[in-house]
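Single-structure report; data block below.
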Amino acid sequence: MALPKQNEDFPGWYQEVVRAAELAEPSLARGTMVIRPYGFAIWEGIQRAVDDRIKATGHQNMYFPLLFPYKLLEKEAEHVEGFAPQVAVVTHAGGEDLEEPLVIRPTSETIIWATYAKWVQSYRDLPLLYNQWANVVRWELRPRVFLRTTEFLWQEGHTAHETEREAREESLRIVHEVYLDAYERVMAVPAHAGRKSASERFPGAVETYTLEGLMRDRKSLQACTSHYLGTNFARAYGVRFLNREGEQEFAFATSWGLSTRAVGAVLMAHGDDRGLRLPPALAPIQVVIVPIYRSDDERGRVLEACGRLAGELDVHRVHLDDREDVRPGFKFNDWELRGVPVRIEIGPRDLDAEQVTVVPRLTGEKSQVGLGGLAQHVSEALDRTQRGLLEDARGFRDEHTFHPKEMSEMAALLEDPGGFMIASWCGREECEAKVKAETKATIRYLPLEQKDPGGPCIVCGDPGTEEAAWALAY
RNA sequence: CGGGACGUAGCGCAGCUUGGUAGCGCGCAGCGUUCGGGACGCUGAGGUCGCGGGUUCAAAUCCCGCCGUCCCGACCA
């Protein structure tokens, strides 16, 4: 089984890696997927990293229901307008048509803020710093495994605050301390933190922050979002509190989410022609040991050594591949496809020389390591891999970041080689739309703080007000 | 919903033009030999040819209708 070449056929490469590494597969209902154990273990690693950080920033987990009445959705005008086209509605249950149709949540702002109304009376009740891990359903027109499925898993944080300042700080803090930290330190995926333009903003948000990562096919992936919602939801659902001056006031809101799309981000940011490459901090298996033997005699000797050495490693997740029905060569390829960071081969030749063979997935280079120094050698290889993947991805991104001055130049660069196009923008939606119509590229992010782009709008030539990053996206 | 393609074994496909016993590769099962980079041999299991109708002595193949999937666009974490 050979993978399609990444450079020549990226979508094919992606689908084949997902299938062959047994991460997930399309399911029976349109646009849904079955996540297989290995793929789910990667998601669990992401969950763990994100959940730890959510808790470290003072949030608690809770759970809200999957279904809520349709009329709740309608209370926030922009929100319903944005989500109505992609909402699945239950109209029939218990053997009859429902008087009140129920929405399958596409996101939970509505039900949560309708409930927060009951929880908040006074400024003393604030802030509410809550998160939930849940599944949501959005009727997307073009699903793609992990990147855009009809149903997906995510976490969604929903906080309520006393002041605008506090809520704005919260939404930014999540971007940096939760998402950026998890992406860069655990998933080894470099990302730009930025603001969304008005047209790309979450329905109902005042400001949407995003992390954008550049994938191996030079498209940008929105890796998560964090929204400052102002008082839009508090007004719609009546979340009022008595402030310190004794006046009624609407609470300020944030919401933020990261989904199973993150698994796709890891695949597309690090994969190569041999398959997945997983950062050790995330990998379900950090070190795999492949025994090599012919006779029963060798088998006993080798497996004994494998067991002993596995115990000596300073690594949490070690797997001994003792399958009898496939040969070592098959196992090498199998684990490379699955992205295991370090492979150790142990055979009779190694044992005779009191050494083992160590092969980091990052480089694929074999080296012989004496038994005494093995634990340290492996730890160093894992550290190098964790750093190396991030550096590789960052280098790739920087090589594909350009500063075009003319529309024609930008269009040509988007075509080949592709990547982020940093260019001046006047801030008008017409100009944004024109770029999309001509090149399919959209503004992926604006700097967190608006700054002088130092030149005329690349589209219309009027004075620029924003430094925008354009790219093709998923 | 617009434009294109495709539905034949678990997966990937050939066969259709010119109607006549259902094929190939991978995978799967058994046995043997192998085992330091995706093994090989022999034997075997597995199919309402997407569904319905029509033409015909005879339909995977020709005709009509329907259903479904995928790709490009609009929507999007």
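Residues are referred to by chain and number: the chain letter is A, B, ... according to the order shown in the structure tokens, the number counts from 1 in that chain, and ligands are numbered separately from 1 in the order shown.
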Backbone-only DSSP, strand (DSSP E or B) members of range 173-259 of chain A, as an MDAnalysis selection string: chainID A and resid 192:195 207:214 220:230 240:242 248:250 252:259
Go ahead and save the residues from that selection, with C-alpha atoms, as a compact mmCIF listing (two decimals), in the first residue's frame.
```txt
# COMPACT_ATOMS: atom_id res chain seq x y z
CA HIS A 192 -1.06 33.13 14.09
CA ALA A 193 -3.40 34.72 16.60
CA GLY A 194 -5.55 37.39 15.00
CA ARG A 195 -8.95 39.03 14.59
CA GLU A 207 -15.16 40.46 17.83
CA THR A 208 -13.93 37.03 16.74
CA TYR A 209 -10.36 35.97 17.45
CA THR A 210 -8.80 33.06 15.62
CA LEU A 211 -5.72 30.93 15.36
CA GLU A 212 -4.72 30.29 11.78
CA GLY A 213 -2.18 27.63 10.85
CA LEU A 214 -0.62 27.00 7.47
CA SER A 220 -4.84 28.15 6.01
CA LEU A 221 -6.81 26.28 8.64
CA GLN A 222 -8.90 28.07 11.25
CA ALA A 223 -7.70 26.09 14.21
CA CYS A 224 -10.10 27.45 16.84
CA THR A 225 -12.00 30.65 17.61
CA SER A 226 -12.70 32.84 20.63
CA HIS A 227 -15.43 35.45 20.58
CA TYR A 228 -16.14 38.60 22.50
CA LEU A 229 -19.94 38.71 22.34
CA GLY A 230 -20.56 42.05 24.06
CA ARG A 240 -29.15 41.23 33.85
CA PHE A 241 -27.41 41.89 37.11
CA LEU A 242 -27.38 44.56 39.77
CA GLN A 248 -29.42 46.87 36.39
CA GLU A 249 -26.89 46.00 33.70
CA PHE A 250 -26.46 43.37 30.98
CA PHE A 252 -20.74 40.76 28.98
CA ALA A 253 -20.10 37.46 27.25
CA THR A 254 -17.42 35.37 25.62
CA SER A 255 -17.51 32.00 23.91
CA TRP A 256 -14.69 29.93 22.49
CA GLY A 257 -14.26 26.53 20.93
CA LEU A 258 -11.84 23.98 19.59
CA SER A 259 -13.06 20.93 17.69
```
Residues of range 146-247 of chain A in helix (DSSP H, G or I), written as a ChimeraX atom specification: /A:164-186,198-200,232-237
Among listed residues B:G53, B:G37, B:G68, B:G73, nearest chain A (using only C-alpha atoms (C1' of nucleotides)):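 The closest residue to chain A is B:G37.
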Residues of chain A within 6 Å of chain B, counting only C-alpha atoms (C1' of nucleotides), as a count of residues only: 4
Distance in Å - CA of Met421 in chain A versus CA of Gly464 in chain A: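 Answer for the CA of Met421 in chain A to CA of Gly464 in chain A separation: 15.1 Å.
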